[in-house]
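As provided, protein22.cif (mmCIF, C-alpha atoms and all ligand atoms) reads as follows.
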```cif
data_target
#
loop_
_atom_site.label_atom_id
_atom_site.label_comp_id
_atom_site.auth_asym_id
_atom_site.auth_seq_id
_atom_site.Cartn_x
_atom_site.Cartn_y
_atom_site.Cartn_z
CA MET A 1 10.08 40.65 11.34
CA ALA A 2 11.02 37.15 10.22
CA LYS A 3 13.63 38.35 7.69
CA GLY A 4 16.94 36.69 8.28
CA SER A 5 15.48 34.08 10.65
CA THR A 6 16.95 30.64 11.21
CA VAL A 7 14.42 28.11 10.00
CA CYS A 8 14.25 24.31 10.01
CA VAL A 9 12.64 22.38 7.13
CA THR A 10 12.15 18.67 7.78
CA GLY A 11 12.12 16.75 4.50
CA GLY A 12 13.98 19.56 2.74
CA ALA A 13 14.85 17.53 -0.36
CA GLY A 14 11.29 16.42 -1.22
CA TYR A 15 8.91 18.11 -3.64
CA ILE A 16 7.45 20.82 -1.41
CA GLY A 17 10.52 20.86 0.85
CA SER A 18 12.99 21.69 -1.93
CA TRP A 19 10.80 24.50 -3.33
CA LEU A 20 10.41 25.87 0.20
CA VAL A 21 14.15 25.70 0.95
CA ARG A 22 14.88 27.60 -2.28
CA LYS A 23 12.31 30.28 -1.39
CA LEU A 24 13.62 30.66 2.17
CA LEU A 25 17.19 31.05 0.90
CA GLN A 26 16.01 33.61 -1.70
CA ARG A 27 14.47 35.62 1.16
CA GLY A 28 17.72 35.67 3.10
CA HIS A 29 16.93 33.10 5.80
CA VAL A 30 19.35 30.58 7.28
CA VAL A 31 17.96 27.11 6.59
CA HIS A 32 18.48 23.86 8.49
CA ALA A 33 17.14 21.17 6.12
CA THR A 34 16.80 17.51 7.07
CA LEU A 35 17.24 14.47 4.82
CA ARG A 36 17.31 10.80 5.62
CA ASN A 37 20.55 10.14 3.80
CA LEU A 38 23.33 12.72 3.53
CA ASP A 39 25.15 10.39 1.12
CA ASP A 40 22.37 10.72 -1.45
CA LYS A 41 24.35 12.79 -3.95
CA SER A 42 21.45 13.84 -6.17
CA LYS A 43 19.43 15.24 -3.26
CA VAL A 44 22.41 16.89 -1.56
CA GLN A 45 23.67 18.42 -4.82
CA LEU A 46 20.24 19.76 -5.69
CA LEU A 47 20.04 21.62 -2.37
CA LYS A 48 23.67 22.74 -2.38
CA SER A 49 23.28 24.20 -5.87
CA LEU A 50 20.60 26.66 -4.70
CA ASP A 51 21.50 30.36 -4.55
CA GLY A 52 22.63 31.26 -1.04
CA ALA A 53 23.18 27.61 -0.07
CA ASP A 54 26.95 27.99 0.39
CA GLU A 55 26.51 30.61 3.08
CA ARG A 56 23.13 29.83 4.63
CA LEU A 57 22.09 26.18 4.12
CA HIS A 58 22.98 23.50 6.66
CA LEU A 59 22.02 19.87 6.07
CA PHE A 60 21.16 17.42 8.86
CA LYS A 61 20.41 13.72 8.81
CA ALA A 62 17.06 12.91 10.45
CA GLU A 63 14.87 9.81 10.15
CA ILE A 64 11.27 9.80 11.40
CA TYR A 65 11.78 6.27 12.73
CA HIS A 66 14.50 7.79 14.98
CA PRO A 67 12.57 10.89 16.10
CA GLU A 68 15.29 12.19 18.42
CA GLU A 69 17.44 12.89 15.34
CA PHE A 70 15.46 16.07 14.53
CA GLU A 71 16.70 17.88 17.65
CA ALA A 72 20.05 18.94 16.17
CA ALA A 73 18.36 20.53 13.15
CA ILE A 74 15.85 22.37 15.37
CA HIS A 75 18.52 23.77 17.68
CA GLY A 76 18.75 27.58 17.31
CA CYS A 77 15.75 27.88 14.96
CA GLU A 78 12.91 30.37 15.23
CA PHE A 79 10.51 28.49 12.93
CA VAL A 80 10.15 24.79 12.12
CA PHE A 81 8.38 23.63 8.96
CA HIS A 82 7.50 19.99 9.53
CA VAL A 83 7.23 18.75 5.95
CA ALA A 84 8.69 15.21 6.11
CA THR A 85 6.19 12.37 6.28
CA PRO A 86 6.79 8.62 6.31
CA LEU A 87 5.07 6.87 3.41
CA PHE A 88 6.28 3.34 4.12
CA PRO A 89 7.08 1.20 7.16
CA ASN A 90 10.77 1.01 8.01
CA PRO A 91 11.93 -2.57 7.37
CA GLY A 92 13.42 -4.04 10.51
CA ASP A 93 12.00 -1.37 12.80
CA THR A 94 10.41 -2.92 15.88
CA GLN A 95 9.61 0.26 17.78
CA TYR A 96 6.70 1.54 15.64
CA LYS A 97 4.13 -0.79 14.13
CA ASP A 98 3.20 1.50 11.23
CA THR A 99 3.71 4.92 9.63
CA THR A 100 1.08 6.49 11.91
CA GLU A 101 2.89 5.45 15.10
CA ALA A 102 6.21 6.66 13.70
CA SER A 103 4.75 9.95 12.49
CA LEU A 104 3.08 10.60 15.85
CA ALA A 105 6.30 9.81 17.72
CA ALA A 106 8.21 12.20 15.45
CA ALA A 107 5.60 14.95 15.94
CA ARG A 108 5.84 14.61 19.74
CA SER A 109 9.62 14.52 19.66
CA ILE A 110 9.77 17.60 17.40
CA MET A 111 7.35 19.51 19.65
CA SER A 112 9.34 18.55 22.72
CA ALA A 113 12.60 19.69 21.09
CA CYS A 114 10.93 22.95 20.05
CA GLU A 115 9.63 23.62 23.57
CA ARG A 116 13.04 22.90 25.07
CA SER A 117 14.90 24.96 22.48
CA GLY A 118 14.08 28.36 23.95
CA SER A 119 14.24 29.72 20.38
CA VAL A 120 11.37 28.17 18.40
CA ARG A 121 8.29 30.40 18.10
CA ARG A 122 6.19 28.40 15.67
CA VAL A 123 5.85 24.94 14.14
CA ILE A 124 4.17 24.91 10.72
CA TYR A 125 2.87 21.57 9.44
CA THR A 126 2.08 20.57 5.85
CA GLY A 127 -1.17 18.73 6.47
CA SER A 128 -3.34 17.19 3.78
CA ALA A 129 -6.82 17.97 2.49
CA MET A 130 -7.31 14.19 2.69
CA SER A 131 -7.66 14.76 6.44
CA ALA A 132 -10.60 17.10 5.83
CA SER A 133 -13.26 14.96 4.19
CA PRO A 134 -16.65 16.46 5.05
CA PHE A 135 -18.54 13.22 4.42
CA SER A 136 -19.69 11.51 7.57
CA LYS A 137 -21.39 8.68 5.69
CA GLY A 138 -20.19 6.40 2.91
CA ASN A 139 -20.93 6.98 -0.74
CA GLY A 140 -24.44 5.89 -1.61
CA VAL A 141 -25.66 6.38 1.96
CA ALA A 142 -25.52 10.12 1.74
CA GLY A 143 -29.03 10.69 0.39
CA ARG A 144 -29.78 14.37 0.19
CA GLU A 145 -27.67 15.44 3.13
CA GLU A 146 -25.81 18.71 2.78
CA TYR A 147 -22.07 18.63 3.37
CA THR A 148 -19.77 21.59 3.78
CA MET A 149 -16.03 21.30 3.69
CA ASP A 150 -14.14 23.79 5.82
CA GLU A 151 -11.47 23.88 8.53
CA SER A 152 -13.77 22.07 10.96
CA SER A 153 -14.00 19.00 8.66
CA TRP A 154 -12.05 15.95 9.78
CA THR A 155 -12.01 12.72 7.78
CA PRO A 156 -13.88 9.96 9.63
CA LEU A 157 -11.07 7.42 9.70
CA HIS A 158 -13.22 4.29 9.87
CA LEU A 159 -15.40 5.26 6.92
CA PRO A 160 -14.72 3.03 3.90
CA PHE A 161 -13.97 4.71 0.56
CA ALA A 162 -14.17 2.68 -2.65
CA TYR A 163 -10.82 3.88 -4.04
CA MET A 164 -8.91 3.70 -0.77
CA GLU A 165 -6.45 0.84 -0.46
CA GLU A 166 -3.87 0.08 2.21
CA PHE A 167 -1.29 2.67 1.12
CA GLU A 168 -3.84 5.51 0.97
CA ARG A 169 -5.50 4.39 4.23
CA ASN A 170 -2.15 4.46 6.04
CA TYR A 171 -1.42 7.89 4.58
CA VAL A 172 -4.79 9.34 5.63
CA TRP A 173 -4.53 7.90 9.15
CA SER A 174 -0.98 9.11 9.60
CA LYS A 175 -1.65 12.63 8.24
CA THR A 176 -4.92 13.07 10.16
CA LEU A 177 -3.74 11.84 13.54
CA THR A 178 -0.42 13.71 13.24
CA GLU A 179 -2.18 16.97 12.39
CA LYS A 180 -4.58 16.53 15.34
CA GLU A 181 -1.67 15.72 17.64
CA LEU A 182 0.27 18.82 16.61
CA LEU A 183 -2.79 21.07 16.97
CA SER A 184 -3.34 19.70 20.48
CA TYR A 185 -0.28 21.72 21.55
CA ARG A 186 -1.99 24.97 22.31
CA GLY A 187 1.04 27.17 22.59
CA ASP A 188 1.10 27.01 26.41
CA ARG A 189 4.87 26.70 26.39
CA GLY A 190 5.40 29.49 23.90
CA VAL A 191 5.39 27.47 20.67
CA GLU A 192 2.51 28.18 18.29
CA VAL A 193 1.32 25.46 15.90
CA VAL A 194 -0.14 26.12 12.47
CA SER A 195 -1.21 23.48 10.01
CA LEU A 196 -1.95 24.04 6.33
CA ALA A 197 -4.17 21.23 5.04
CA CYS A 198 -3.03 21.37 1.43
CA GLY A 199 -4.84 20.22 -1.68
CA LEU A 200 -3.14 18.21 -4.41
CA VAL A 201 0.13 19.97 -5.25
CA GLY A 202 1.43 20.42 -8.79
CA GLY A 203 2.40 23.07 -11.32
CA ASP A 204 6.22 23.03 -11.31
CA SER A 205 9.23 21.59 -9.51
CA ILE A 206 13.00 21.86 -9.16
CA LEU A 207 13.35 18.08 -8.88
CA GLY A 208 14.68 15.97 -11.73
CA TYR A 209 11.66 13.67 -11.74
CA VAL A 210 7.87 13.98 -11.60
CA PRO A 211 6.83 14.09 -7.95
CA GLY A 212 4.04 11.74 -6.80
CA SER A 213 1.32 14.36 -6.45
CA MET A 214 2.07 15.84 -9.88
CA SER A 215 1.70 12.33 -11.36
CA VAL A 216 -1.81 12.35 -9.91
CA VAL A 217 -2.61 15.75 -11.47
CA ILE A 218 -1.62 14.56 -14.96
CA SER A 219 -2.85 10.96 -14.62
CA PRO A 220 -5.76 11.28 -17.11
CA LEU A 221 -3.09 12.15 -19.70
CA THR A 222 -0.44 9.58 -18.75
CA GLY A 223 -2.97 6.83 -18.04
CA GLN A 224 -0.90 5.85 -14.99
CA LYS A 225 -3.35 3.60 -13.14
CA LEU A 226 -2.33 4.04 -9.50
CA SER A 227 -2.18 7.84 -9.77
CA HIS A 228 -5.51 7.90 -11.61
CA LYS A 229 -7.12 5.86 -8.85
CA GLN A 230 -5.75 8.37 -6.32
CA LEU A 231 -7.35 11.21 -8.30
CA LYS A 232 -10.66 9.37 -8.08
CA LEU A 233 -10.16 8.86 -4.37
CA LEU A 234 -9.66 12.59 -3.84
CA GLN A 235 -12.92 13.34 -5.59
CA GLU A 236 -14.66 10.54 -3.69
CA MET A 237 -13.40 11.81 -0.32
CA LEU A 238 -13.69 15.54 -0.92
CA GLY A 239 -16.47 15.94 -3.50
CA SER A 240 -14.02 17.64 -5.90
CA VAL A 241 -10.24 17.75 -6.28
CA PRO A 242 -8.59 20.61 -4.39
CA PHE A 243 -5.56 21.84 -6.36
CA VAL A 244 -2.77 24.14 -5.35
CA HIS A 245 0.42 25.21 -7.12
CA VAL A 246 3.64 24.36 -5.27
CA ASP A 247 4.63 28.03 -5.33
CA ASP A 248 1.34 29.05 -3.73
CA VAL A 249 1.80 26.37 -1.02
CA CYS A 250 5.25 27.72 -0.19
CA GLU A 251 4.04 31.33 -0.31
CA ALA A 252 1.27 30.33 2.12
CA LEU A 253 3.82 28.63 4.40
CA LEU A 254 5.89 31.83 4.43
CA PHE A 255 2.76 33.93 4.89
CA VAL A 256 1.88 32.11 8.12
CA MET A 257 5.51 32.21 9.23
CA GLU A 258 5.60 35.98 8.84
CA LYS A 259 2.47 36.65 10.94
CA PRO A 260 3.33 38.11 14.37
CA SER A 261 1.08 35.50 16.01
CA ILE A 262 -1.12 32.79 14.51
CA PHE A 263 -2.46 29.40 15.54
CA GLY A 264 -4.62 26.63 14.11
CA ARG A 265 -5.69 24.92 10.95
CA PHE A 266 -6.00 26.47 7.49
CA LEU A 267 -7.17 24.73 4.33
CA CYS A 268 -4.87 25.59 1.43
CA ALA A 269 -6.04 25.21 -2.19
CA SER A 270 -6.66 27.78 -4.90
CA CYS A 271 -9.36 25.82 -6.75
CA HIS A 272 -11.37 22.63 -6.50
CA PRO A 273 -12.26 21.31 -9.97
CA LEU A 274 -14.30 18.19 -10.56
CA MET A 275 -12.42 15.36 -12.32
CA GLN A 276 -14.60 16.04 -15.36
CA GLN A 277 -13.25 19.60 -15.53
CA ILE A 278 -9.65 18.36 -15.34
CA VAL A 279 -10.35 16.04 -18.28
CA GLU A 280 -11.89 18.94 -20.22
CA ILE A 281 -8.84 21.15 -19.63
CA LEU A 282 -6.52 18.38 -20.84
CA GLU A 283 -8.68 17.76 -23.93
CA ARG A 284 -8.67 21.47 -24.76
CA GLU A 285 -4.93 21.99 -24.16
CA TYR A 286 -3.69 18.75 -25.73
CA PRO A 287 -6.03 17.97 -28.65
CA GLY A 288 -5.39 14.57 -30.14
CA ALA A 289 -3.84 13.16 -26.94
CA LEU A 290 -5.29 9.95 -25.55
CA ILE A 291 -7.03 11.01 -22.33
CA LEU A 292 -8.69 8.80 -19.72
CA LYS A 293 -12.27 10.03 -19.49
CA ASP A 294 -13.30 7.65 -16.75
CA VAL A 295 -14.22 9.97 -13.86
CA GLU A 296 -15.60 9.46 -10.38
CA ASP A 297 -19.15 10.82 -9.96
CA SER A 298 -19.27 13.90 -7.82
CA ARG A 299 -21.14 14.12 -4.53
CA SER A 300 -22.86 17.28 -3.56
CA CYS A 301 -20.65 19.27 -1.21
CA LYS A 302 -20.31 22.97 -0.53
CA VAL A 303 -16.69 23.93 -0.31
CA ASN A 304 -15.50 26.70 1.88
CA TYR A 305 -11.93 26.19 0.84
CA SER A 306 -9.17 28.50 1.98
CA SER A 307 -11.53 31.15 3.25
CA LYS A 308 -9.57 31.45 6.51
CA LEU A 309 -6.31 32.10 4.63
CA LEU A 310 -8.03 34.52 2.25
CA GLU A 311 -9.59 36.40 5.18
CA LEU A 312 -6.08 36.89 6.56
CA GLY A 313 -5.09 38.51 3.25
CA PHE A 314 -3.37 35.62 1.46
CA LYS A 315 -3.67 35.66 -2.35
CA TYR A 316 -3.20 32.66 -4.63
CA LYS A 317 -1.41 33.28 -7.92
CA TYR A 318 -2.26 30.10 -9.86
CA ASN A 319 -5.61 28.80 -11.15
CA VAL A 320 -6.54 25.30 -12.22
CA ASP A 321 -5.55 25.78 -15.89
CA GLN A 322 -2.09 26.98 -14.89
CA ILE A 323 -1.60 24.12 -12.41
CA VAL A 324 -2.62 21.46 -14.95
CA ALA A 325 -0.62 22.99 -17.84
CA GLY A 326 2.43 23.63 -15.62
CA SER A 327 2.39 20.00 -14.45
CA VAL A 328 2.18 18.65 -18.01
CA GLU A 329 4.96 20.96 -19.20
CA PHE A 330 7.18 19.90 -16.28
CA ALA A 331 6.56 16.20 -17.02
CA LYS A 332 7.52 16.84 -20.64
CA ARG A 333 10.72 18.64 -19.57
CA VAL A 334 11.91 15.72 -17.45
CA GLY A 335 10.94 13.24 -20.16
CA ASN A 336 8.03 11.58 -18.38
CA ILE A 337 5.64 12.22 -21.28
CA ASN A 338 6.22 13.15 -24.93
N1 LIG A 401 2.29 16.92 -2.64
C1 LIG A 401 1.02 17.00 -2.24
O1 LIG A 401 0.07 16.98 -3.05
C2 LIG A 401 0.72 17.18 -0.79
C3 LIG A 401 -0.59 17.55 -0.43
C4 LIG A 401 -0.89 17.72 0.92
C5 LIG A 401 0.09 17.53 1.87
N2 LIG A 401 1.33 17.16 1.50
C6 LIG A 401 2.34 16.96 2.55
O2 LIG A 401 3.48 17.74 2.26
C7 LIG A 401 4.64 17.06 2.72
C8 LIG A 401 5.64 16.93 1.58
O3 LIG A 401 5.03 16.22 0.52
P1 LIG A 401 5.76 16.10 -0.88
O4 LIG A 401 4.72 16.02 -1.92
O5 LIG A 401 6.84 17.10 -0.97
O6 LIG A 401 6.36 14.63 -0.73
P2 LIG A 401 7.79 14.03 -1.13
O7 LIG A 401 8.37 14.70 -2.30
O8 LIG A 401 7.57 12.55 -1.19
O9 LIG A 401 8.66 14.37 0.14
C9 LIG A 401 8.51 13.66 1.31
C10 LIG A 401 9.62 14.06 2.24
O10 LIG A 401 9.46 13.29 3.44
C11 LIG A 401 10.72 12.76 3.76
N3 LIG A 401 10.55 11.45 4.39
C12 LIG A 401 9.88 10.38 3.91
N4 LIG A 401 9.99 9.35 4.78
C13 LIG A 401 10.77 9.79 5.79
C14 LIG A 401 11.27 9.20 6.96
N5 LIG A 401 10.99 7.93 7.27
N6 LIG A 401 12.06 9.94 7.77
C15 LIG A 401 12.38 11.22 7.46
N7 LIG A 401 11.94 11.84 6.36
C16 LIG A 401 11.14 11.14 5.54
C17 LIG A 401 11.50 12.62 2.46
O11 LIG A 401 12.86 12.72 2.82
P3 LIG A 401 14.09 12.18 1.95
O12 LIG A 401 14.32 13.24 0.90
O13 LIG A 401 15.19 12.08 2.91
O14 LIG A 401 13.67 10.90 1.33
C18 LIG A 401 10.99 13.80 1.67
O15 LIG A 401 11.77 14.93 1.90
C19 LIG A 401 4.17 15.75 3.29
O16 LIG A 401 3.98 15.90 4.67
C20 LIG A 401 2.83 15.52 2.61
O17 LIG A 401 1.97 14.73 3.38
C21 LIG A 401 1.68 16.98 0.19
#
```

Let me see the structure of the file written as structure tokens.
Amino acid sequence: MAKGSTVCVTGGAGYIGSWLVRKLLQRGHVVHATLRNLDDKSKVQLLKSLDGADERLHLFKAEIYHPEEFEAAIHGCEFVFHVATPLFPNPGDTQYKDTTEASLAAARSIMSACERSGSVRRVIYTGSAMSASPFSKGNGVAGREEYTMDESSWTPLHLPFAYMEEFERNYVWSKTLTEKELLSYRGDRGVEVVSLACGLVGGDSILGYVPGSMSVVISPLTGQKLSHKQLKLLQEMLGSVPFVHVDDVCEALLFVMEKPSIFGRFLCASCHPLMQQIVEILEREYPGALILKDVEDSRSCKVNYSSKLLELGFKYKYNVDQIVAGSVEFAKRVGNIN
């Protein structure tokens, strides 16, 4: 049904965005991709070099701190993948005090443009598993309580986490409140909203550098401190580290696009190893390499990850070994590790 649709991808030159744009073009869709800077030659060339780009890819400038800019890219589209997310405040911007305010304003502006468009049927958001922490009490306070992580889990935003600093806190607030805001649109005006709360994404890329989340996947091998701390934070917040291959994420995004009708939140991860298991995979695959063995203790938590997507018939292709090995091989290819 959706073959040959016109589709908008916000943040089309990022890690997930670029893989998604390539996949959409491969399937014959017309793609409106947004970037912040159309003069950024490396990003523009990467997208323009994709098969089908000459005929079916249109690039638009859109900045989250100027939310009205997304309207032109949305015009005439049937589906909107909202992938862009602000990671940093915009220097000099006086309208929004932080990334959360800007992200919420962009979400509202995008929804309003979609409702006015007369063409958009569905908005599909790349949410984060970091918005789905099942723990309602801080580490050490948990006692013997049973926690289950599923689509009803929402991270308690005021709960302190040992490995969460300002950057991560801003990210979690912005992702959680934006996802809730988008899901509050209940399709009354004909636009359905779906969010995929994705685990840590790795495995491969078409970018010329190692994307941030892949740096986190391979951090026990690279020893990169900030990324390693973020890996610990994931385990602290979620009880394990949900992983998903970038190709599976994009297949899942297309899967929900192609459904005749669908609404709501879906966790998206193919596996949820403990940090200790990630270390063991790296030790087995790369004997002799110096590997950080410092891991965050796990908290007891039942995970009901991705069951909603699986019940709908979605199938993941990549397991944890393939995601870890694919990430290391990619980092070697672009020269990030030897
Ligand atoms: N990777 C993961 O592990 C993971 C997991 C769960 C959820 N997600 C979500 O998936 C989405 C994509 O993540 P990613 O890993 O692909 O990140 P990424 O490579 O850093 O891409 C981020 C994208 O957001 C755009 N962006 C950043 N600030 C912006 C702003 N102020 N205005 C407009 N666009 C802006 C960037 O556009 P430019 O190219 O113009 O700079 C880029 O395309 C995000 O929403 C993220 O929260 C990612």

Using only C-alpha atoms, which residue out of A:Val328, A:Thr148, A:Gly76, A:Gly190 lies closest to Pro134 (chain A)?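 When distances to Pro134 (chain A) are compared using only C-alpha atoms, the smallest one comes from A:Thr148.
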
Nearest-residue call for Asn170 (chain A), choices A:Asp54, A:Asp93, A:Glu329, A:Asp98, using all atoms listed in the file: A:Asp98

Enumerate, as JSON, numbers by chain, the protein, DNA and RNA residues whose atoms approach (22.0, 22.5, -1.9) to within 10 Å, taking into account only C-alpha atoms and the coordinate frame of the file. {"A": [12, 13, 18, 21, 22, 33, 42, 43, 44, 45, 46, 47, 48, 49, 50, 51, 52, 53, 54, 56, 57, 58, 59]}

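The protein and nucleic acid residues lying at most 9 Å from region 257-263 of chain A are Met1, Ala2, Lys3, Phe79, Arg122, Val123, Ile124, Leu183, Arg186, Gly187, Glu192, Val193, Val194, Ser195 and Ala252 of chain A, with only C-alpha atoms considered and sequence neighbours fewer than 5 positions away removed.
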
Set the cut-off to 7 Å, count all atoms listed in the file, and list whatever residues fall near ligand LIG 401 (chain A) as a ChimeraX atom specification. /A:10-17,35-37,43,62-65,83-87,90,126-129,175,197-202,211-213

Those selected residues, please, written with C-alpha atoms and delivered as a short mmCIF file (atom, residue, chain, number, x, y, z; two decimals), keeping the file's coordinate frame.
```
data_model
loop_
_atom_site.label_atom_id
_atom_site.label_comp_id
_atom_site.auth_asym_id
_atom_site.auth_seq_id
_atom_site.Cartn_x
_atom_site.Cartn_y
_atom_site.Cartn_z
CA THR A 10 12.15 18.67 7.78
CA GLY A 11 12.12 16.75 4.50
CA GLY A 12 13.98 19.56 2.74
CA ALA A 13 14.85 17.53 -0.36
CA GLY A 14 11.29 16.42 -1.22
CA TYR A 15 8.91 18.11 -3.64
CA ILE A 16 7.45 20.82 -1.41
CA GLY A 17 10.52 20.86 0.85
CA LEU A 35 17.24 14.47 4.82
CA ARG A 36 17.31 10.80 5.62
CA ASN A 37 20.55 10.14 3.80
CA LYS A 43 19.43 15.24 -3.26
CA ALA A 62 17.06 12.91 10.45
CA GLU A 63 14.87 9.81 10.15
CA ILE A 64 11.27 9.80 11.40
CA TYR A 65 11.78 6.27 12.73
CA VAL A 83 7.23 18.75 5.95
CA ALA A 84 8.69 15.21 6.11
CA THR A 85 6.19 12.37 6.28
CA PRO A 86 6.79 8.62 6.31
CA LEU A 87 5.07 6.87 3.41
CA ASN A 90 10.77 1.01 8.01
CA THR A 126 2.08 20.57 5.85
CA GLY A 127 -1.17 18.73 6.47
CA SER A 128 -3.34 17.19 3.78
CA ALA A 129 -6.82 17.97 2.49
CA LYS A 175 -1.65 12.63 8.24
CA ALA A 197 -4.17 21.23 5.04
CA CYS A 198 -3.03 21.37 1.43
CA GLY A 199 -4.84 20.22 -1.68
CA LEU A 200 -3.14 18.21 -4.41
CA VAL A 201 0.13 19.97 -5.25
CA GLY A 202 1.43 20.42 -8.79
CA PRO A 211 6.83 14.09 -7.95
CA GLY A 212 4.04 11.74 -6.80
CA SER A 213 1.32 14.36 -6.45
#
```

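Each of A:Leu25, A:Ala113, A:Ala132, A:Val295 was checked against Ser153 (chain A) using all atoms listed in the file; the smallest atom-to-atom distance is that of A:Ala132.
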
Distance criterion (only C-alpha atoms): nearest to Ala72 (chain A) out of A:Leu104, A:Leu24, A:Cys8, A:Leu267: A:Cys8

Within 10 Å of Lys308 (chain A), counting only C-alpha atoms, which residues qualify if same-chain residues fewer than 6 places away don't, as a list in words?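 After dropping sequence-adjacent residues, the list is Asp150, Glu151, Arg265, Phe266, Leu267, Cys268 and Phe314 of chain A.
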
Write a file of the selected residues as a PDB file, in the frame of the given file, keeping C-alpha atoms.
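Saved as selection.pdb:
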```pdb
ATOM      1  CA  ASP A 150     -14.140  23.790   5.820  1.00  0.00           C
ATOM      2  CA  GLU A 151     -11.470  23.880   8.530  1.00  0.00           C
ATOM      3  CA  ARG A 265      -5.690  24.920  10.950  1.00  0.00           C
ATOM      4  CA  PHE A 266      -6.000  26.470   7.490  1.00  0.00           C
ATOM      5  CA  LEU A 267      -7.170  24.730   4.330  1.00  0.00           C
ATOM      6  CA  CYS A 268      -4.870  25.590   1.430  1.00  0.00           C
ATOM      7  CA  PHE A 314      -3.370  35.620   1.460  1.00  0.00           C
TER       8      PHE A 314
END
```

Between CA of Ala106 (chain A) and CA of His82 (chain A), what is the distance in Å, rounded to a tenth?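 Separating CA of Ala106 (chain A) from CA of His82 (chain A) is a distance of 9.8 Å.
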
So that I can see what lies close to Leu290 (chain A), please list as an NGL selection string the residues with an atom at most 12 Å from it, counting all atoms listed in the file and leaving out residues fewer than 3 positions away in the same chain. :A and (219-223 or 279 or 282-283 or 286-287 or 293 or 337-338)

CA of Val244 (chain A) to CA of Asn319 (chain A), distance in Å rounded to a single decimal: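 Between CA of Val244 (chain A) and CA of Asn319 (chain A) the gap works out to 8.0 Å.
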
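Note that CA of Val30 (chain A) and CA of Ala107 (chain A) are 22.5 Å apart.
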
Which one is closest to Cys114 (chain A): A:Arg189, A:Lys23, A:His66, A:His32? Count all atoms listed in the file.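 Checking each candidate against Cys114 (chain A), we get A:Arg189 as the closest.
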
Could you tell me, as an mmCIF file with C-alpha atoms, keeping the file's coordinate frame, which residues have any atom at most 7 Å from (-11.5, 20.5, -9.3), counting all atoms listed in the file?
```
data_model
loop_
_atom_site.group_PDB
_atom_site.id
_atom_site.type_symbol
_atom_site.label_atom_id
_atom_site.label_comp_id
_atom_site.auth_asym_id
_atom_site.auth_seq_id
_atom_site.Cartn_x
_atom_site.Cartn_y
_atom_site.Cartn_z
ATOM 1 C CA SER A 240 -14.020 17.640 -5.900
ATOM 2 C CA VAL A 241 -10.240 17.750 -6.280
ATOM 3 C CA PRO A 242 -8.590 20.610 -4.390
ATOM 4 C CA PHE A 243 -5.560 21.840 -6.360
ATOM 5 C CA CYS A 271 -9.360 25.820 -6.750
ATOM 6 C CA HIS A 272 -11.370 22.630 -6.500
ATOM 7 C CA PRO A 273 -12.260 21.310 -9.970
ATOM 8 C CA LEU A 274 -14.300 18.190 -10.560
ATOM 9 C CA MET A 275 -12.420 15.360 -12.320
ATOM 10 C CA GLN A 277 -13.250 19.600 -15.530
ATOM 11 C CA ILE A 278 -9.650 18.360 -15.340
#
```

Could you tell me which of A:Lys180, A:Lys317, A:His75, A:Arg108 comes closest to Ser131 (chain A) if we count only C-alpha atoms? A:Lys180

Since the input has fewer atoms than a full residue there, write region 163-170 of chain A out with N, CA, C and O atoms, as an mmCIF file, in the frame of the given file.
```
data_model
loop_
_atom_site.group_PDB
_atom_site.id
_atom_site.type_symbol
_atom_site.label_atom_id
_atom_site.label_comp_id
_atom_site.auth_asym_id
_atom_site.auth_seq_id
_atom_site.Cartn_x
_atom_site.Cartn_y
_atom_site.Cartn_z
ATOM 1 N N TYR A 163 -12.142 3.830 -3.388
ATOM 2 C CA TYR A 163 -10.820 3.880 -4.040
ATOM 3 C C TYR A 163 -9.662 3.901 -3.047
ATOM 4 O O TYR A 163 -8.530 4.174 -3.414
ATOM 5 N N MET A 164 -9.976 3.648 -1.776
ATOM 6 C CA MET A 164 -8.910 3.700 -0.770
ATOM 7 C C MET A 164 -8.367 2.303 -0.496
ATOM 8 O O MET A 164 -9.107 1.426 -0.063
ATOM 9 N N GLU A 165 -7.075 2.112 -0.793
ATOM 10 C CA GLU A 165 -6.450 0.840 -0.460
ATOM 11 C C GLU A 165 -5.460 1.058 0.682
ATOM 12 O O GLU A 165 -5.421 2.138 1.261
ATOM 13 N N GLU A 166 -4.674 0.032 0.985
ATOM 14 C CA GLU A 166 -3.870 0.080 2.210
ATOM 15 C C GLU A 166 -2.930 1.290 2.263
ATOM 16 O O GLU A 166 -2.824 1.973 3.276
ATOM 17 N N PHE A 167 -2.256 1.564 1.129
ATOM 18 C CA PHE A 167 -1.290 2.670 1.120
ATOM 19 C C PHE A 167 -2.000 3.994 1.444
ATOM 20 O O PHE A 167 -1.552 4.774 2.288
ATOM 21 N N GLU A 168 -3.123 4.241 0.770
ATOM 22 C CA GLU A 168 -3.840 5.510 0.970
ATOM 23 C C GLU A 168 -4.422 5.569 2.381
ATOM 24 O O GLU A 168 -4.413 6.615 3.022
ATOM 25 N N ARG A 169 -4.935 4.407 2.866
ATOM 26 C CA ARG A 169 -5.500 4.390 4.230
ATOM 27 C C ARG A 169 -4.419 4.755 5.248
ATOM 28 O O ARG A 169 -4.637 5.583 6.128
ATOM 29 N N ASN A 170 -3.247 4.152 5.103
ATOM 30 C CA ASN A 170 -2.150 4.460 6.040
ATOM 31 C C ASN A 170 -1.791 5.936 5.972
ATOM 32 O O ASN A 170 -1.526 6.576 6.992
#
```
